[in-house]
Amino acid sequence: MTWLFPRLFAGLLVLVAGGVAGYWLGGAVHAPVLSVLLGGALAVGTLAVLDTLRGMRLITWLRSAQETDAPRDAGFWGEIGYRVERSIRARERTAAEEKARLEQFLQAIEASPNGVLMLDANDQIDWCNSVAAAHFGLNPQRDRLQRITNLVRAPAFVAHLQFGKYDEPVSYVDPRGLGTLSVLVRDYGGGMKLVLSQDITERERADAMRRDFVANVSHEIRTPLTVLAGFIETMDTLPLTAVECKRVLMLMAQQTDRMQTLVSDLLILAQLEGSPRPAADRWIALAKLLRRVEADARTLSQGRQTITLTGDDALQIAGAESELLSALGNLVTNAVRYTPEGGRIDIGWRMRPDGSGEFAVKDTGPGIEREHIPRLTERFYRVDGSRSRETGGTGLGLSIVKHVAQRHGGELDIHSETGKGSTFRLVFPAARLRYLEAPSPRMRDAL
Ligand code: ADP
């Protein structure tokens, strides 16, 4: 208010000065009173015009985008300009801060692995993140303010949005074949809706696999149990001769063996899935492993097949000995079990040019049809169920081999031709192999 008294004083001064000037000039026309009044009015009028011009400058600035500073006048208009500008700048700052916060908030929602979709009271799209856009097939810009049910027509989603109980999520298979979505709707802010979506395809698949697995295990265990129960009943009710008794006991022992193998394979699988990766600095002599699997193969074969072994005596492999033995053993055992009498089985190790190494088992067995090969490592997958069971298989062997390979950074490679035989290769990365001494050229070329 520093301008108030100077302004009143200036007005008064101008009025008096105008009156005096009027009186002095009006002497010539002999009308002193009229001249004083006219002079005073003219002076005050001039002051008012100047004042109006300053006000106009301020109004022009206010009508503009206020990107420049307000007019820097002294006095009344100066203070108004200063205060208005300060208030505008403070609001601009608050708006910028709020915008930045909103931006951060939206970025956080955008980073969410789940879909977030905001609907207004008429179920029109207000905003959605890119995950929701992908889940519902929307374009966040183009589809803004579109009614969601015009764009997402999956009946389960539409029914849930319109009549559903929002405390429960709804799951449905995407009609475009993109998997299974779980959608949760929440009401907020007077009729608006927050729609949260999640792709549960993987979870559903894992659940289905677990259900299948439990069903398979139950089936695999029930079969020998039923056979055992039958034998027990037979022994209990029928008067068997000593020879018959011996035979029944032998068959019972076969069934218990089968259950034991199954339980042992299941335990190996559970252990492989639940334990940390094998250490990369625990070195095992490869020759020792090869000789053990060869010995096991010969025992199982009992001379029915010709078995050869080529190895690399100087090589060491880093990993878990029991796992590696189980994987190599499974491949060799399969070769013996599936190769008919008189067939040939070549077991060997070979270094590859890139420094990795492969353990290979090549047989002259029946081979496997091409369509089965990608599924062989699934648990309980068998090409010929009765043949597998007959020879003591559990359907878990190759699944164990694949796990062991992956845990050692390697992979299982299967080549097979029906009628000619199969080659199963376990490839290990260079980082898990080392030589104690330089490899002999003969060993490098082996197999
Ligand atoms: P199983 O206990 O039934 O042998 P695996 O997981 O070891 O289970 O093998 C899966 C299936 O792959 C087997 O049932 C068999 O049909 C096929 N298979 C595995 N190895 C061979 C092989 N060397 N020759 C032919 N078929 C094989």
# chains A, B, ... in the order shown; residues from 1 in each chain; ligands from 1

call {"tool": "residues_near_ligand", "arguments": {"ligand": "ligand 1", "cutoff": "7 Å", "atoms": "only C-alpha atoms and all ligand atoms", "output": "number ranges by chain"}}
result
A: 330-331, 334-335, 338-339, 363, 365-368, 376-377, 379-385, 388-389, 392-399, 421-422

call {"tool": "residues_around", "arguments": {"residues": "segment 4-10 of chain A", "least_positions_apart": "3", "cutoff": "9 Å", "atoms": "only C-alpha atoms", "output": "number ranges by chain"}}
result
A: 1, 13-15, 75-76

call {"tool": "write_last_selection", "arguments": {"atoms": "N, CA and C atoms", "output": "PDB file, in the first residue's frame"}}
result
ATOM      1  N   MET A   1       0.833  -1.217   0.000  1.00  0.00           N
ATOM      2  CA  MET A   1       0.000   0.000   0.000  1.00  0.00           C
ATOM      3  C   MET A   1       0.859   1.256   0.000  1.00  0.00           C
ATOM      4  N   LEU A  13      -2.282  17.009  -6.324  1.00  0.00           N
ATOM      5  CA  LEU A  13      -1.304  17.950  -6.889  1.00  0.00           C
ATOM      6  C   LEU A  13      -1.663  18.278  -8.332  1.00  0.00           C
ATOM      7  N   VAL A  14      -2.028  17.228  -9.076  1.00  0.00           N
ATOM      8  CA  VAL A  14      -2.375  17.431 -10.481  1.00  0.00           C
ATOM      9  C   VAL A  14      -3.624  18.297 -10.584  1.00  0.00           C
ATOM     10  N   LEU A  15      -4.574  18.034  -9.642  1.00  0.00           N
ATOM     11  CA  LEU A  15      -5.826  18.814  -9.656  1.00  0.00           C
ATOM     12  C   LEU A  15      -5.523  20.293  -9.395  1.00  0.00           C
ATOM     13  N   GLY A  75       3.926   2.041  -8.336  1.00  0.00           N
ATOM     14  CA  GLY A  75       2.645   2.424  -7.780  1.00  0.00           C
ATOM     15  C   GLY A  75       1.571   1.364  -7.883  1.00  0.00           C
ATOM     16  N   PHE A  76       0.323   1.862  -8.044  1.00  0.00           N
ATOM     17  CA  PHE A  76      -0.863   1.012  -7.989  1.00  0.00           C
ATOM     18  C   PHE A  76      -0.780  -0.143  -8.984  1.00  0.00           C
TER      19      PHE A  76
END

call {"tool": "residues_around", "arguments": {"residues": "Arg153 of chain A", "least_positions_apart": "2", "cutoff": "12 Å", "atoms": "only C-alpha atoms", "output": "list in words"}}
result
Phe136, Gly137, Leu138, Arg147, Ile148, Thr149, Asn150, Leu151, Pro155, Ala156, Phe157, Val158, Ala159, His160, Leu161, Tyr172, Asp174, Pro175 and Arg176 of chain A

call {"tool": "write_last_selection", "arguments": {"atoms": "C-alpha atoms", "output": "PDB file, in the first residue's frame"}}
result
ATOM      1  CA  PHE A 136      -7.055 -56.353 -24.292  1.00  0.00           C
ATOM      2  CA  GLY A 137      -5.812 -55.483 -27.787  1.00  0.00           C
ATOM      3  CA  LEU A 138      -6.231 -51.720 -27.271  1.00  0.00           C
ATOM      4  CA  ARG A 147     -16.582 -47.889 -24.422  1.00  0.00           C
ATOM      5  CA  ILE A 148     -14.509 -50.904 -23.327  1.00  0.00           C
ATOM      6  CA  THR A 149     -17.259 -53.428 -24.106  1.00  0.00           C
ATOM      7  CA  ASN A 150     -17.269 -52.239 -27.739  1.00  0.00           C
ATOM      8  CA  LEU A 151     -13.613 -53.179 -28.026  1.00  0.00           C
ATOM      9  CA  PRO A 155     -18.226 -62.812 -23.144  1.00  0.00           C
ATOM     10  CA  ALA A 156     -16.741 -63.686 -19.739  1.00  0.00           C
ATOM     11  CA  PHE A 157     -15.133 -60.226 -19.475  1.00  0.00           C
ATOM     12  CA  VAL A 158     -18.256 -58.339 -20.608  1.00  0.00           C
ATOM     13  CA  ALA A 159     -20.541 -60.303 -18.248  1.00  0.00           C
ATOM     14  CA  HIS A 160     -18.152 -59.794 -15.341  1.00  0.00           C
ATOM     15  CA  LEU A 161     -17.859 -56.056 -15.955  1.00  0.00           C
ATOM     16  CA  TYR A 172     -10.920 -66.429 -19.459  1.00  0.00           C
ATOM     17  CA  ASP A 174      -8.312 -64.788 -24.833  1.00  0.00           C
ATOM     18  CA  PRO A 175     -10.460 -65.186 -27.965  1.00  0.00           C
ATOM     19  CA  ARG A 176      -7.471 -64.065 -30.067  1.00  0.00           C
TER      20      ARG A 176
END

call {"tool": "select_by_dssp", "arguments": {"residues": "segment 6-209 of chain A", "states": "strand (DSSP E or B)", "output": "JSON, numbers by chain"}}
result
{"A": [115, 116, 117, 118, 119, 124, 125, 126, 127, 128, 147, 170, 171, 172, 173, 180, 181, 182, 183, 184, 185, 186, 187, 188, 192, 193, 194, 195, 196, 197, 198, 199]}

call {"tool": "atom_distance", "arguments": {"atom1": "atom CA of Asp143 of chain A", "atom2": "atom CA of Glu202 of chain A"}}
result
28.5 Å

call {"tool": "residues_around", "arguments": {"residues": "Leu12 of chain A", "least_positions_apart": "6", "cutoff": "12 Å", "atoms": "only C-alpha atoms", "output": "VMD selection string"}}
result
chain A and resid 5 to 6 18 to 19 40 to 41 43 to 44 47

call {"tool": "atom_distance", "arguments": {"atom1": "atom CA of Ser301 of chain A", "atom2": "atom CA of Glu341 of chain A"}}
result
8.8 Å

call {"tool": "decode", "arguments": {"residues": "segment 55-88 of chain A", "atoms": "N, CA and C atoms", "output": "compact mmCIF listing (two decimals), in the first residue's frame"}}
result
# COMPACT_ATOMS: atom_id res chain seq x y z
N GLY A 55 -3.06 0.47 -17.02
CA GLY A 55 -3.96 -0.68 -16.77
C GLY A 55 -4.10 -1.55 -18.01
N MET A 56 -4.18 -0.86 -19.17
CA MET A 56 -4.33 -1.61 -20.44
C MET A 56 -3.12 -2.53 -20.68
N ARG A 57 -1.93 -1.97 -20.35
CA ARG A 57 -0.71 -2.78 -20.55
C ARG A 57 -0.77 -4.05 -19.70
N LEU A 58 -1.29 -3.86 -18.47
CA LEU A 58 -1.38 -5.03 -17.59
C LEU A 58 -2.41 -6.04 -18.12
N ILE A 59 -3.56 -5.49 -18.60
CA ILE A 59 -4.60 -6.40 -19.12
C ILE A 59 -4.07 -7.15 -20.36
N THR A 60 -3.34 -6.42 -21.21
CA THR A 60 -2.78 -7.08 -22.41
C THR A 60 -1.86 -8.23 -22.00
N TRP A 61 -1.05 -7.98 -20.96
CA TRP A 61 -0.14 -9.04 -20.48
C TRP A 61 -0.93 -10.24 -19.92
N LEU A 62 -2.03 -9.87 -19.16
CA LEU A 62 -2.84 -10.95 -18.58
C LEU A 62 -3.51 -11.79 -19.66
N ARG A 63 -3.91 -11.09 -20.77
CA ARG A 63 -4.58 -11.84 -21.85
C ARG A 63 -3.60 -12.72 -22.63
N SER A 64 -2.33 -12.38 -22.53
CA SER A 64 -1.33 -13.19 -23.25
C SER A 64 -1.05 -14.46 -22.42
N ALA A 65 -0.09 -15.27 -22.87
CA ALA A 65 0.23 -16.53 -22.15
C ALA A 65 1.11 -16.28 -20.92
N GLN A 66 1.37 -15.03 -20.62
CA GLN A 66 2.20 -14.60 -19.47
C GLN A 66 3.58 -15.25 -19.48
N GLU A 67 4.13 -15.40 -20.69
CA GLU A 67 5.46 -16.01 -20.75
C GLU A 67 6.54 -15.00 -20.39
N THR A 68 6.25 -13.68 -20.69
CA THR A 68 7.21 -12.63 -20.30
C THR A 68 6.85 -12.15 -18.90
N ASP A 69 7.69 -11.25 -18.34
CA ASP A 69 7.38 -10.69 -17.03
C ASP A 69 6.22 -9.71 -17.15
N ALA A 70 5.51 -9.51 -16.04
CA ALA A 70 4.41 -8.52 -16.03
C ALA A 70 5.03 -7.12 -16.18
N PRO A 71 4.27 -6.09 -16.72
CA PRO A 71 4.80 -4.73 -16.83
C PRO A 71 5.28 -4.24 -15.47
N ARG A 72 6.48 -3.68 -15.47
CA ARG A 72 7.06 -3.24 -14.19
C ARG A 72 6.77 -1.78 -13.95
N ASP A 73 5.52 -1.42 -13.66
CA ASP A 73 5.18 -0.04 -13.35
C ASP A 73 5.33 0.21 -11.86
N ALA A 74 5.49 1.50 -11.54
CA ALA A 74 5.53 1.83 -10.11
C ALA A 74 4.10 2.03 -9.63
N GLY A 75 3.93 2.04 -8.34
CA GLY A 75 2.65 2.42 -7.78
C GLY A 75 1.57 1.36 -7.88
N PHE A 76 0.32 1.86 -8.04
CA PHE A 76 -0.86 1.01 -7.99
C PHE A 76 -0.78 -0.14 -8.98
N TRP A 77 -0.57 0.17 -10.26
CA TRP A 77 -0.55 -0.89 -11.29
C TRP A 77 0.66 -1.80 -11.14
N GLY A 78 1.72 -1.21 -10.64
CA GLY A 78 2.92 -2.01 -10.41
C GLY A 78 2.63 -3.10 -9.38
N GLU A 79 1.94 -2.69 -8.27
CA GLU A 79 1.67 -3.69 -7.22
C GLU A 79 0.70 -4.77 -7.71
N ILE A 80 -0.34 -4.29 -8.45
CA ILE A 80 -1.29 -5.29 -8.98
C ILE A 80 -0.55 -6.27 -9.90
N GLY A 81 0.26 -5.71 -10.80
CA GLY A 81 1.00 -6.56 -11.75
C GLY A 81 1.88 -7.55 -11.01
N TYR A 82 2.61 -7.04 -10.00
CA TYR A 82 3.54 -7.89 -9.25
C TYR A 82 2.81 -9.04 -8.54
N ARG A 83 1.67 -8.65 -7.88
CA ARG A 83 0.96 -9.68 -7.10
C ARG A 83 0.30 -10.73 -8.01
N VAL A 84 -0.28 -10.24 -9.13
CA VAL A 84 -0.92 -11.19 -10.04
C VAL A 84 0.14 -12.13 -10.62
N GLU A 85 1.29 -11.55 -10.99
CA GLU A 85 2.33 -12.39 -11.59
C GLU A 85 2.84 -13.41 -10.58
N ARG A 86 3.01 -12.98 -9.34
CA ARG A 86 3.51 -13.91 -8.32
C ARG A 86 2.54 -15.08 -8.12
N SER A 87 1.25 -14.72 -8.09
CA SER A 87 0.25 -15.77 -7.88
C SER A 87 0.22 -16.73 -9.08
N ILE A 88 0.33 -16.14 -10.30
CA ILE A 88 0.33 -17.01 -11.49
C ILE A 88 1.54 -17.94 -11.48
